[in-house]
>>> print(open('work-v4.txt').read())   # compact mmCIF, C-alpha atoms
# COMPACT_ATOMS: atom_id res chain seq x y z
CA MET A 28 -47.51 -26.34 -68.53
CA ASN A 29 -50.75 -26.75 -66.67
CA VAL A 30 -54.07 -27.60 -68.24
CA LYS A 31 -55.78 -24.34 -67.31
CA MET A 32 -53.07 -22.25 -68.95
CA ASN A 33 -53.15 -24.43 -72.06
CA LYS A 34 -56.89 -23.92 -72.29
CA SER A 35 -56.60 -20.15 -72.13
CA VAL A 36 -53.76 -20.19 -74.69
CA PHE A 37 -55.88 -22.44 -76.92
CA LEU A 38 -58.74 -19.92 -76.71
CA GLN A 39 -56.36 -17.09 -77.59
CA GLY A 40 -55.27 -19.11 -80.62
CA LEU A 41 -58.91 -19.57 -81.63
CA ARG A 42 -59.52 -15.83 -81.30
CA ASP A 43 -56.42 -14.82 -83.26
CA GLY A 44 -57.32 -17.48 -85.83
CA VAL A 45 -60.65 -15.80 -86.65
CA PRO A 46 -59.27 -12.97 -88.83
CA ILE A 47 -56.89 -15.45 -90.43
CA GLY A 48 -59.74 -17.85 -91.14
CA LEU A 49 -61.91 -15.11 -92.65
CA GLY A 50 -59.07 -13.99 -94.90
CA TYR A 51 -58.42 -17.62 -95.83
CA PHE A 52 -62.06 -18.14 -96.66
CA ALA A 53 -62.00 -15.31 -99.19
CA VAL A 54 -58.69 -16.40 -100.75
CA ALA A 55 -59.72 -20.07 -100.82
CA PHE A 56 -62.91 -19.10 -102.55
CA SER A 57 -60.99 -17.68 -105.50
CA LEU A 58 -58.64 -20.68 -105.37
CA GLY A 59 -61.72 -22.89 -105.69
CA ILE A 60 -62.46 -21.31 -109.05
CA ILE A 61 -59.04 -22.47 -110.32
CA ALA A 62 -59.61 -25.91 -108.77
CA GLN A 63 -62.88 -26.16 -110.68
CA LYS A 64 -61.00 -25.54 -113.93
CA ALA A 65 -58.69 -28.41 -112.97
CA GLY A 66 -61.78 -30.61 -112.75
CA LEU A 67 -61.86 -31.09 -108.99
CA THR A 68 -65.09 -31.88 -107.17
CA ALA A 69 -66.03 -29.90 -104.06
CA PHE A 70 -64.95 -32.87 -101.93
CA GLN A 71 -61.57 -33.14 -103.67
CA GLY A 72 -61.10 -29.39 -103.24
CA PHE A 73 -61.78 -29.71 -99.52
CA ILE A 74 -59.26 -32.57 -99.21
CA ALA A 75 -56.64 -30.71 -101.28
CA SER A 76 -56.93 -27.59 -99.12
CA PHE A 77 -57.12 -29.46 -95.83
CA PHE A 78 -53.93 -31.42 -96.47
CA ASN A 79 -51.90 -28.77 -98.31
CA VAL A 80 -52.88 -25.56 -96.50
CA ALA A 81 -50.85 -23.46 -98.92
CA SER A 82 -52.23 -20.78 -101.22
CA ALA A 83 -49.30 -20.54 -103.63
CA GLY A 84 -48.67 -24.29 -103.38
CA GLU A 85 -52.25 -25.21 -104.22
CA ASN A 86 -52.36 -22.66 -106.99
CA ALA A 87 -49.33 -24.41 -108.49
CA LEU A 88 -50.93 -27.81 -107.90
CA PHE A 89 -54.20 -26.93 -109.65
CA ASN A 90 -52.41 -25.30 -112.56
CA SER A 91 -50.16 -28.36 -112.90
CA MET A 92 -53.27 -30.53 -113.07
CA ILE A 93 -54.71 -28.30 -115.79
CA GLU A 94 -51.43 -28.57 -117.70
CA GLN A 95 -51.40 -32.36 -117.15
CA ALA A 96 -48.00 -32.24 -115.49
CA THR A 97 -46.36 -35.43 -114.22
CA TYR A 98 -46.49 -36.35 -110.51
CA VAL A 99 -42.76 -35.68 -110.25
CA GLU A 100 -43.22 -32.18 -111.65
CA VAL A 101 -45.94 -31.57 -109.07
CA ALA A 102 -43.59 -32.71 -106.29
CA VAL A 103 -40.81 -30.38 -107.50
CA ILE A 104 -42.99 -27.32 -108.00
CA THR A 105 -44.62 -27.88 -104.59
CA PHE A 106 -41.18 -28.05 -103.01
CA VAL A 107 -40.03 -24.81 -104.66
CA VAL A 108 -43.21 -22.83 -104.04
CA ASN A 109 -43.48 -23.99 -100.43
CA ALA A 110 -39.76 -23.85 -99.57
CA ARG A 111 -40.37 -20.78 -97.41
CA TYR A 112 -42.20 -23.06 -94.95
CA PHE A 113 -38.93 -24.94 -94.56
CA LEU A 114 -37.26 -21.70 -93.45
CA MET A 115 -40.20 -20.87 -91.18
CA SER A 116 -40.04 -24.34 -89.64
CA CYS A 117 -36.29 -23.87 -88.96
CA SER A 118 -37.03 -20.50 -87.43
CA LEU A 119 -39.89 -21.88 -85.33
CA SER A 120 -37.71 -24.74 -84.04
CA GLN A 121 -35.67 -22.05 -82.25
CA HIS A 122 -38.76 -20.82 -80.42
CA PHE A 123 -39.74 -24.26 -79.13
CA ASP A 124 -39.07 -25.48 -75.64
CA PRO A 125 -36.37 -28.14 -76.32
CA ASN A 126 -38.45 -30.62 -74.29
CA THR A 127 -41.53 -30.28 -76.51
CA LYS A 128 -42.98 -33.70 -77.29
CA PHE A 129 -42.57 -35.25 -80.73
CA PHE A 130 -46.30 -35.34 -81.56
CA HIS A 131 -46.59 -31.62 -80.78
CA ARG A 132 -43.86 -30.97 -83.35
CA LEU A 133 -45.69 -33.14 -85.92
CA LEU A 134 -48.98 -31.30 -85.36
CA VAL A 135 -47.59 -27.77 -85.19
CA GLY A 136 -45.60 -28.50 -88.36
CA PHE A 137 -48.79 -29.48 -90.14
CA GLY A 138 -50.22 -26.00 -89.60
CA ILE A 139 -47.25 -23.81 -90.54
CA THR A 140 -48.64 -21.22 -92.92
CA ASP A 141 -47.47 -17.65 -93.50
CA GLU A 142 -50.12 -16.32 -91.15
CA ILE A 143 -50.01 -18.95 -88.40
CA PHE A 144 -46.23 -18.72 -88.41
CA GLY A 145 -46.57 -14.95 -88.13
CA ILE A 146 -48.85 -15.00 -85.10
CA SER A 147 -46.91 -17.77 -83.34
CA ILE A 148 -43.68 -15.78 -83.74
CA ALA A 149 -45.45 -12.71 -82.37
CA LYS A 150 -46.71 -14.87 -79.48
CA ALA A 151 -43.28 -16.44 -78.91
CA ARG A 152 -41.93 -13.00 -78.09
CA GLU A 153 -43.48 -13.65 -74.67
CA GLY A 154 -41.43 -16.85 -74.27
CA TYR A 155 -41.63 -20.26 -75.93
CA VAL A 156 -44.22 -21.24 -78.51
CA ASN A 157 -47.12 -23.02 -76.81
CA PRO A 158 -48.44 -25.66 -79.27
CA TRP A 159 -51.98 -25.13 -77.96
CA TYR A 160 -51.96 -21.60 -79.33
CA ASN A 161 -51.20 -23.00 -82.79
CA TYR A 162 -53.89 -25.68 -82.37
CA GLY A 163 -56.50 -23.00 -81.66
CA ALA A 164 -55.48 -21.01 -84.72
CA ILE A 165 -55.32 -24.14 -86.91
CA LEU A 166 -58.69 -25.43 -85.72
CA ILE A 167 -60.53 -22.29 -86.79
CA SER A 168 -58.58 -21.34 -89.92
CA VAL A 169 -57.86 -24.63 -91.72
CA PRO A 170 -61.54 -25.74 -91.89
CA LEU A 171 -62.48 -22.27 -93.19
CA TRP A 172 -59.70 -22.52 -95.75
CA SER A 173 -60.95 -25.94 -96.91
CA LEU A 174 -64.60 -24.89 -96.87
CA GLY A 175 -63.80 -21.77 -98.89
CA THR A 176 -62.19 -23.90 -101.58
CA SER A 177 -65.23 -26.19 -101.76
CA LEU A 178 -67.65 -23.29 -102.00
CA GLY A 179 -65.48 -21.65 -104.66
CA ILE A 180 -65.75 -24.84 -106.71
CA ILE A 181 -69.52 -25.10 -106.20
CA ALA A 182 -70.58 -21.51 -106.50
CA GLY A 183 -67.99 -19.88 -108.71
CA ASN A 184 -68.23 -16.14 -108.61
CA ILE A 185 -70.90 -15.57 -106.01
CA LEU A 186 -69.38 -12.80 -103.91
CA PRO A 187 -69.40 -9.33 -105.46
CA VAL A 188 -65.96 -8.40 -106.84
CA ARG A 189 -65.87 -5.40 -104.50
CA VAL A 190 -66.19 -7.60 -101.43
CA VAL A 191 -63.54 -10.07 -102.63
CA SER A 192 -61.23 -7.15 -103.35
CA ALA A 193 -61.65 -5.73 -99.84
CA LEU A 194 -61.31 -9.11 -98.10
CA SER A 195 -58.17 -9.96 -100.02
CA VAL A 196 -56.11 -7.35 -98.14
CA ALA A 197 -57.02 -8.79 -94.72
CA LEU A 198 -54.00 -11.11 -94.83
CA TYR A 199 -51.61 -8.31 -95.73
CA GLY A 200 -53.08 -6.12 -92.99
CA MET A 201 -52.13 -8.86 -90.55
CA PHE A 202 -48.64 -9.20 -91.96
CA ILE A 203 -48.19 -5.46 -91.47
CA ALA A 204 -49.42 -5.67 -87.88
CA ILE A 205 -46.85 -8.42 -87.24
CA ILE A 206 -43.78 -6.72 -88.70
CA ILE A 207 -44.31 -3.07 -87.75
CA PRO A 208 -44.20 -3.25 -83.91
CA PRO A 209 -40.76 -4.97 -83.81
CA ALA A 210 -39.56 -2.62 -86.58
CA LYS A 211 -40.56 0.30 -84.38
CA LYS A 212 -38.32 -0.96 -81.57
CA ASN A 213 -35.40 -2.23 -83.64
CA LEU A 214 -33.89 -0.09 -86.40
CA VAL A 215 -32.24 -3.06 -88.12
CA ILE A 216 -35.61 -4.79 -88.50
CA ALA A 217 -37.10 -1.55 -89.82
CA ILE A 218 -34.35 -1.35 -92.44
CA ALA A 219 -34.81 -5.05 -93.26
CA VAL A 220 -38.52 -4.45 -93.85
CA ALA A 221 -37.90 -1.39 -96.05
CA VAL A 222 -35.22 -3.20 -98.08
CA SER A 223 -37.59 -6.17 -98.47
CA PHE A 224 -40.44 -3.98 -99.72
CA ILE A 225 -38.21 -2.26 -102.28
CA SER A 226 -36.42 -5.43 -103.47
CA SER A 227 -39.67 -7.31 -103.79
CA TYR A 228 -41.16 -4.50 -105.86
CA VAL A 229 -38.07 -4.19 -108.07
CA CYS A 230 -37.92 -7.96 -108.65
CA GLY A 231 -41.50 -7.83 -109.90
CA ILE A 232 -40.47 -5.38 -112.61
CA ILE A 233 -37.04 -6.36 -113.94
CA PRO A 234 -37.03 -8.82 -116.86
CA VAL A 235 -36.22 -12.53 -116.32
CA VAL A 236 -36.65 -12.23 -112.54
CA ARG A 237 -40.28 -11.17 -112.94
CA GLU A 238 -40.93 -14.36 -114.94
CA LEU A 239 -40.21 -16.41 -111.80
CA SER A 240 -43.23 -17.46 -109.76
CA GLY A 241 -44.10 -15.38 -106.71
CA GLY A 242 -43.12 -18.29 -104.45
CA THR A 243 -39.67 -18.61 -106.01
CA ARG A 244 -39.02 -14.88 -105.76
CA THR A 245 -40.06 -14.98 -102.11
CA ILE A 246 -37.56 -17.74 -101.33
CA ILE A 247 -34.66 -16.09 -103.16
CA LEU A 248 -35.29 -12.66 -101.65
CA THR A 249 -35.79 -14.07 -98.15
CA ILE A 250 -32.51 -15.99 -98.25
CA VAL A 251 -30.45 -13.22 -99.86
CA ILE A 252 -31.74 -10.30 -97.76
CA SER A 253 -31.71 -12.21 -94.44
CA ALA A 254 -28.19 -13.53 -95.12
CA ILE A 255 -26.82 -10.09 -96.00
CA ILE A 256 -28.34 -8.47 -92.91
CA ALA A 257 -27.17 -11.38 -90.74
CA ILE A 258 -23.61 -10.77 -91.98
CA ILE A 259 -23.71 -6.99 -91.59
CA LYS A 260 -25.65 -6.95 -88.32
CA PRO A 261 -25.33 -10.29 -86.54
CA VAL A 262 -27.66 -10.63 -83.58
CA GLU A 263 -25.83 -10.76 -80.25
CA GLU A 264 -26.60 -13.77 -78.07
CA ASP A 265 -28.17 -11.75 -75.25
CA LYS A 266 -29.91 -9.41 -77.67
CA THR A 267 -32.10 -12.19 -79.12
CA GLU A 268 -33.13 -13.07 -75.59
CA ASP A 269 -33.88 -9.43 -74.96
CA ASN A 270 -36.12 -9.17 -77.97
CA ASN A 271 -37.87 -12.41 -77.16
CA ASP A 272 -38.73 -11.14 -73.70
CA ARG A 273 -40.45 -8.04 -74.89
CA MET B 23 -56.45 -34.22 -116.86
CA THR B 24 -55.00 -37.66 -117.41
CA GLY B 25 -53.66 -38.51 -113.95
CA ASN B 26 -55.56 -39.37 -110.82
CA ALA B 27 -56.65 -36.27 -108.90
CA TYR B 28 -56.01 -37.89 -105.52
CA ILE B 29 -52.45 -38.89 -106.46
CA TYR B 30 -51.78 -35.29 -107.51
CA ILE B 31 -53.28 -33.93 -104.31
CA PHE B 32 -51.45 -36.29 -101.97
CA THR B 33 -48.12 -35.91 -103.79
CA ALA B 34 -48.31 -32.16 -103.16
CA ALA B 35 -49.58 -32.73 -99.61
CA LEU B 36 -46.73 -35.11 -98.74
CA VAL B 37 -44.07 -32.72 -100.02
CA SER B 38 -45.69 -29.77 -98.21
CA TYR B 39 -45.86 -31.75 -94.96
CA LEU B 40 -42.26 -32.97 -95.05
CA ILE B 41 -40.99 -29.44 -95.72
CA ARG B 42 -42.86 -28.16 -92.69
CA VAL B 43 -42.21 -30.92 -90.23
CA LEU B 44 -38.61 -32.02 -90.83
CA PRO B 45 -36.88 -28.92 -89.41
CA LEU B 46 -39.21 -28.85 -86.39
CA THR B 47 -38.58 -32.50 -85.55
CA LEU B 48 -34.87 -32.68 -86.42
CA ILE B 49 -33.67 -29.42 -84.86
CA ARG B 50 -34.07 -30.10 -81.15
CA LYS B 51 -31.47 -27.79 -79.69
CA PRO B 52 -30.78 -24.09 -79.85
CA ILE B 53 -28.48 -23.32 -82.77
CA ASN B 54 -25.20 -21.81 -81.57
CA ASN B 55 -23.78 -20.63 -84.88
CA LYS B 56 -24.04 -16.86 -84.79
CA PHE B 57 -24.68 -16.43 -88.51
CA ILE B 58 -27.45 -19.02 -88.65
CA ARG B 59 -29.06 -17.61 -85.49
CA SER B 60 -29.02 -14.13 -86.96
CA PHE B 61 -30.25 -15.38 -90.32
CA LEU B 62 -33.21 -17.19 -88.76
CA TYR B 63 -33.91 -14.16 -86.59
CA TYR B 64 -34.40 -11.94 -89.64
CA VAL B 65 -36.19 -14.51 -91.85
CA PRO B 66 -39.75 -13.97 -90.56
CA TYR B 67 -39.67 -10.18 -90.95
CA VAL B 68 -38.05 -10.30 -94.37
CA THR B 69 -40.33 -13.01 -95.75
CA LEU B 70 -43.51 -11.35 -94.49
CA ALA B 71 -42.40 -7.98 -95.88
CA VAL B 72 -41.52 -9.53 -99.24
CA MET B 73 -44.92 -11.20 -99.42
CA THR B 74 -46.81 -8.04 -98.42
CA PHE B 75 -45.45 -5.63 -100.99
CA PRO B 76 -46.20 -5.30 -103.85
CA ALA B 77 -48.78 -8.13 -103.41
CA ILE B 78 -51.11 -5.83 -101.44
CA ILE B 79 -51.47 -3.47 -104.40
CA GLU B 80 -52.00 -6.37 -106.80
CA ALA B 81 -54.72 -7.97 -104.66
CA THR B 82 -57.13 -5.07 -104.92
CA GLN B 83 -59.15 -3.94 -107.93
CA SER B 84 -57.37 -0.59 -107.87
CA PRO B 85 -53.67 -0.35 -106.91
CA ILE B 86 -54.31 3.02 -105.23
CA ALA B 87 -56.70 1.37 -102.75
CA GLY B 88 -53.93 -1.13 -101.96
CA ILE B 89 -51.35 1.59 -101.39
CA ILE B 90 -53.66 3.53 -99.07
CA ALA B 91 -54.43 0.31 -97.15
CA LEU B 92 -50.68 -0.34 -96.82
CA VAL B 93 -49.88 3.15 -95.52
CA VAL B 94 -52.83 3.26 -93.12
CA GLY B 95 -52.00 -0.30 -91.97
CA ILE B 96 -48.41 0.74 -91.18
CA VAL B 97 -49.54 3.85 -89.30
CA VAL B 98 -52.17 2.10 -87.14
CA SER B 99 -49.83 -0.80 -86.32
CA TYR B 100 -47.13 1.72 -85.42
CA PHE B 101 -49.53 3.11 -82.86
CA GLY B 102 -50.09 -0.32 -81.41
CA LEU B 103 -53.27 -1.80 -82.88
CA GLY B 104 -53.38 -5.62 -83.02
CA LEU B 105 -53.76 -8.09 -85.88
CA PHE B 106 -57.53 -8.19 -86.10
CA PRO B 107 -58.20 -4.42 -85.93
CA VAL B 108 -55.46 -3.70 -88.48
CA ALA B 109 -56.82 -6.35 -90.87
CA CYS B 110 -60.35 -4.94 -90.54
CA ILE B 111 -59.19 -1.36 -91.06
CA CYS B 112 -57.28 -2.36 -94.23
CA CYS B 113 -60.37 -4.14 -95.60
CA GLY B 114 -62.56 -1.15 -94.76
CA ILE B 115 -60.13 1.27 -96.42
CA VAL B 116 -60.12 -0.76 -99.64
CA PHE B 117 -63.90 -1.11 -99.66
CA ILE B 118 -64.45 2.61 -99.12
CA THR B 119 -61.68 3.77 -101.47
CA GLU B 120 -62.96 1.59 -104.28
CA LEU B 121 -66.43 3.08 -103.93
CA PHE B 122 -64.93 6.38 -105.06
CA LEU B 123 -62.53 5.11 -107.73
>>> encode(input="work-v4.txt", output="structure tokens")
Amino acid sequence: MNVKMNKSVFLQGLRDGVPIGLGYFAVAFSLGIIAQKAGLTAFQGFIASFFNVASAGENALFNSMIEQATYVEVAVITFVVNARYFLMSCSLSQHFDPNTKFFHRLLVGFGITDEIFGISIAKAREGYVNPWYNYGAILISVPLWSLGTSLGIIAGNILPVRVVSALSVALYGMFIAIIIPPAKKNLVIAIAVAVSFISSYVCGIIPVVRELSGGTRTIILTIVISAIIAIIKPVEEDKTEDNNDR
Amino acid sequence: MTGNAYIYIFTAALVSYLIRVLPLTLIRKPINNKFIRSFLYYVPYVTLAVMTFPAIIEATQSPIAGIIALVVGIVVSYFGLGLFPVACICCGIVFITELFL
């Protein structure tokens, strides 16, 4: 990979990171309000967000602090709530050039979030993941995420509810834009998406299951649905290549 | 809070980091097992779909605004709009819808 290409890919990452960062900022702001209840200072909130980069994970962390949980409990809940990143990291490993340097893997891993994973998978459809794309997206979105948390702690409810409400769907809008184009081309993916929507909704209603945290439900549904579809409709060797080339 | 805030924060951070980085560093080669390949192929779509719905209708003040944003988001992405435009349109839809609700 030459330097010029890396630079342009880095700039693309920065650009695609802007909507992510703006969405993060809004979400982090509301997360900051929870962090404040846990007694965190603005600086501690910044550090917590910078090094965790996980909405559900930090939500669990701050609530654990409020409940005076033990450190071990915090480790376990973080593992459960963030386990989907483990799956995403496995998935991403398949989109890496096998010769990618170790430090690139360490840095890209640091920035695996739902959204950055989403855009790097979308990008990888053109070939391998280029770490510089992820660096661009991380560089713009993680500081905004951290800053949002700090400001949430300092300012509390400053933004009008209406604005927070509108900004909070930005992330989901991006998710939709990531999953719909491949679903349009591949019927199995379209069915997978529909089944996921329905199952996720149903699991939020039925007793016992609905008591589980959102993160836990996400892991269980992801594993079960993906496994069932993988058994019914295994992806042919050349077909994956096909889809990646699109 | 009895414990040290920094120990809490870095415990969570360490676990989060290991989860993210271990697969990327340990899995160096393409996986040949057909089931695992297929499973990992479907994971991103399933997980993003699971996280989108019903969360999108719970994120907004009014669930109806969320549903309209979801439907419009699906339609405009179907016709090829990218991440940023779709995100902006969804935000705009919610803002406008909630003015009337």
>>> residues_around(input="work-v4.txt", residues="stretch 211-217 of chain A", least_positions_apart="4", cutoff="8 Å", atoms="all atoms listed in the file", output="ChimeraX atom specification")
/A:207,221,260 /B:64,67,100
>>> write_last_selection(input="work-v4.txt", atoms="C-alpha atoms", output="PDB file, keeping the file's coordinate frame")
ATOM      1  CA  ILE A 207     -44.310  -3.070 -87.750  1.00  0.00           C
ATOM      2  CA  ALA A 221     -37.900  -1.390 -96.050  1.00  0.00           C
ATOM      3  CA  LYS A 260     -25.650  -6.950 -88.320  1.00  0.00           C
TER       4      LYS A 260
ATOM      5  CA  TYR B  64     -34.400 -11.940 -89.640  1.00  0.00           C
ATOM      6  CA  TYR B  67     -39.670 -10.180 -90.950  1.00  0.00           C
ATOM      7  CA  TYR B 100     -47.130   1.720 -85.420  1.00  0.00           C
TER       8      TYR B 100
END
>>> interface_residues(input="work-v4.txt", of="chain A", to="chain B", cutoff="6 Å", atoms="only C-alpha atoms", output="MDAnalysis selection string")
chainID A and resid 46 75 78:79 95 102 105 112:113 116:118 120:121 125 132:133 136 192:194 196:197 199:201 204 206 208 220 223:224 227:228 249 253:254 257 261:262
>>> residues_around(input="work-v4.txt", residues="A:Phe73", least_positions_apart="6", cutoff="9 Å", atoms="all atoms listed in the file", output="list in words")
Pro170, Trp172, Ser173, Leu174, Gly175, Thr176 and Ser177 of chain A
>>> atom_distance(input="work-v4.txt", atom1="atom CA of A:Ala65", atom2="atom CA of A:Ala81")
16.8 Å
>>> atom_distance(input="work-v4.txt", atom1="atom CA of A:Leu171", atom2="atom CA of A:Val36")
20.6 Å
>>> atom_distance(input="work-v4.txt", atom1="atom CA of A:Ala83", atom2="atom CA of A:Val108")
6.5 Å
>>> residues_around(input="work-v4.txt", residues="A:Lys150", least_positions_apart="2", cutoff="12 Å", atoms="all atoms listed in the file", output="PyMOL selection string")
(chain A and resi 36+39-40+43+119+122-123+143-148+152-161+164+205+271-273) or (chain B and resi 104-105)
>>> build_atoms(input="work-v4.txt", residues="stretch 180-204 of chain A", atoms="N, CA and C atoms", output="PDB file, keeping the file's coordinate frame")
ATOM      1  N   ILE A 180     -65.522 -23.868-105.639  1.00  0.00           N
ATOM      2  CA  ILE A 180     -65.750 -24.840-106.710  1.00  0.00           C
ATOM      3  C   ILE A 180     -67.243 -24.917-107.037  1.00  0.00           C
ATOM      4  N   ILE A 181     -68.074 -24.959-105.989  1.00  0.00           N
ATOM      5  CA  ILE A 181     -69.520 -25.100-106.200  1.00  0.00           C
ATOM      6  C   ILE A 181     -70.128 -23.831-106.806  1.00  0.00           C
ATOM      7  N   ALA A 182     -69.807 -22.714-106.185  1.00  0.00           N
ATOM      8  CA  ALA A 182     -70.580 -21.510-106.500  1.00  0.00           C
ATOM      9  C   ALA A 182     -69.933 -20.570-107.500  1.00  0.00           C
ATOM     10  N   GLY A 183     -68.656 -20.791-107.786  1.00  0.00           N
ATOM     11  CA  GLY A 183     -67.990 -19.880-108.710  1.00  0.00           C
ATOM     12  C   GLY A 183     -68.008 -18.464-108.168  1.00  0.00           C
ATOM     13  N   ASN A 184     -68.307 -17.534-109.022  1.00  0.00           N
ATOM     14  CA  ASN A 184     -68.230 -16.140-108.610  1.00  0.00           C
ATOM     15  C   ASN A 184     -69.506 -15.627-107.958  1.00  0.00           C
ATOM     16  N   ILE A 185     -69.678 -15.969-106.684  1.00  0.00           N
ATOM     17  CA  ILE A 185     -70.900 -15.570-106.010  1.00  0.00           C
ATOM     18  C   ILE A 185     -70.756 -14.239-105.302  1.00  0.00           C
ATOM     19  N   LEU A 186     -69.594 -14.053-104.640  1.00  0.00           N
ATOM     20  CA  LEU A 186     -69.380 -12.800-103.910  1.00  0.00           C
ATOM     21  C   LEU A 186     -69.145 -11.669-104.900  1.00  0.00           C
ATOM     22  N   PRO A 187     -69.687 -10.481-104.597  1.00  0.00           N
ATOM     23  CA  PRO A 187     -69.400  -9.330-105.460  1.00  0.00           C
ATOM     24  C   PRO A 187     -67.888  -9.064-105.491  1.00  0.00           C
ATOM     25  N   VAL A 188     -67.392  -8.663-106.657  1.00  0.00           N
ATOM     26  CA  VAL A 188     -65.960  -8.400-106.840  1.00  0.00           C
ATOM     27  C   VAL A 188     -65.424  -7.443-105.777  1.00  0.00           C
ATOM     28  N   ARG A 189     -66.226  -6.411-105.492  1.00  0.00           N
ATOM     29  CA  ARG A 189     -65.870  -5.400-104.500  1.00  0.00           C
ATOM     30  C   ARG A 189     -65.544  -6.015-103.137  1.00  0.00           C
ATOM     31  N   VAL A 190     -66.375  -6.965-102.732  1.00  0.00           N
ATOM     32  CA  VAL A 190     -66.190  -7.600-101.430  1.00  0.00           C
ATOM     33  C   VAL A 190     -64.927  -8.467-101.437  1.00  0.00           C
ATOM     34  N   VAL A 191     -64.743  -9.231-102.518  1.00  0.00           N
ATOM     35  CA  VAL A 191     -63.540 -10.070-102.630  1.00  0.00           C
ATOM     36  C   VAL A 191     -62.299  -9.196-102.580  1.00  0.00           C
ATOM     37  N   SER A 192     -62.353  -8.071-103.296  1.00  0.00           N
ATOM     38  CA  SER A 192     -61.230  -7.150-103.350  1.00  0.00           C
ATOM     39  C   SER A 192     -60.880  -6.644-101.953  1.00  0.00           C
ATOM     40  N   ALA A 193     -61.897  -6.251-101.193  1.00  0.00           N
ATOM     41  CA  ALA A 193     -61.650  -5.730 -99.840  1.00  0.00           C
ATOM     42  C   ALA A 193     -61.121  -6.820 -98.915  1.00  0.00           C
ATOM     43  N   LEU A 194     -61.727  -8.024 -98.988  1.00  0.00           N
ATOM     44  CA  LEU A 194     -61.310  -9.110 -98.100  1.00  0.00           C
ATOM     45  C   LEU A 194     -59.887  -9.578 -98.382  1.00  0.00           C
ATOM     46  N   SER A 195     -59.468  -9.412 -99.645  1.00  0.00           N
ATOM     47  CA  SER A 195     -58.170  -9.960-100.020  1.00  0.00           C
ATOM     48  C   SER A 195     -56.994  -9.227 -99.377  1.00  0.00           C
ATOM     49  N   VAL A 196     -57.222  -8.021 -98.812  1.00  0.00           N
ATOM     50  CA  VAL A 196     -56.110  -7.350 -98.140  1.00  0.00           C
ATOM     51  C   VAL A 196     -56.032  -7.682 -96.643  1.00  0.00           C
ATOM     52  N   ALA A 197     -57.012  -8.456 -96.145  1.00  0.00           N
ATOM     53  CA  ALA A 197     -57.020  -8.790 -94.720  1.00  0.00           C
ATOM     54  C   ALA A 197     -55.695  -9.457 -94.313  1.00  0.00           C
ATOM     55  N   LEU A 198     -55.240 -10.392 -95.146  1.00  0.00           N
ATOM     56  CA  LEU A 198     -54.000 -11.110 -94.830  1.00  0.00           C
ATOM     57  C   LEU A 198     -52.819 -10.149 -94.751  1.00  0.00           C
ATOM     58  N   TYR A 199     -52.754  -9.223 -95.715  1.00  0.00           N
ATOM     59  CA  TYR A 199     -51.610  -8.310 -95.730  1.00  0.00           C
ATOM     60  C   TYR A 199     -51.678  -7.344 -94.547  1.00  0.00           C
ATOM     61  N   GLY A 200     -52.905  -6.966 -94.174  1.00  0.00           N
ATOM     62  CA  GLY A 200     -53.080  -6.120 -92.990  1.00  0.00           C
ATOM     63  C   GLY A 200     -52.477  -6.805 -91.770  1.00  0.00           C
ATOM     64  N   MET A 201     -52.685  -8.126 -91.682  1.00  0.00           N
ATOM     65  CA  MET A 201     -52.130  -8.860 -90.550  1.00  0.00           C
ATOM     66  C   MET A 201     -50.621  -8.947 -90.621  1.00  0.00           C
ATOM     67  N   PHE A 202     -50.099  -9.167 -91.812  1.00  0.00           N
ATOM     68  CA  PHE A 202     -48.640  -9.200 -91.960  1.00  0.00           C
ATOM     69  C   PHE A 202     -48.043  -7.885 -91.453  1.00  0.00           C
ATOM     70  N   ILE A 203     -48.685  -6.785 -91.870  1.00  0.00           N
ATOM     71  CA  ILE A 203     -48.190  -5.460 -91.470  1.00  0.00           C
ATOM     72  C   ILE A 203     -48.200  -5.335 -89.951  1.00  0.00           C
ATOM     73  N   ALA A 204     -49.305  -5.779 -89.333  1.00  0.00           N
ATOM     74  CA  ALA A 204     -49.420  -5.670 -87.880  1.00  0.00           C
ATOM     75  C   ALA A 204     -48.386  -6.536 -87.161  1.00  0.00           C
TER      76      ALA A 204
END
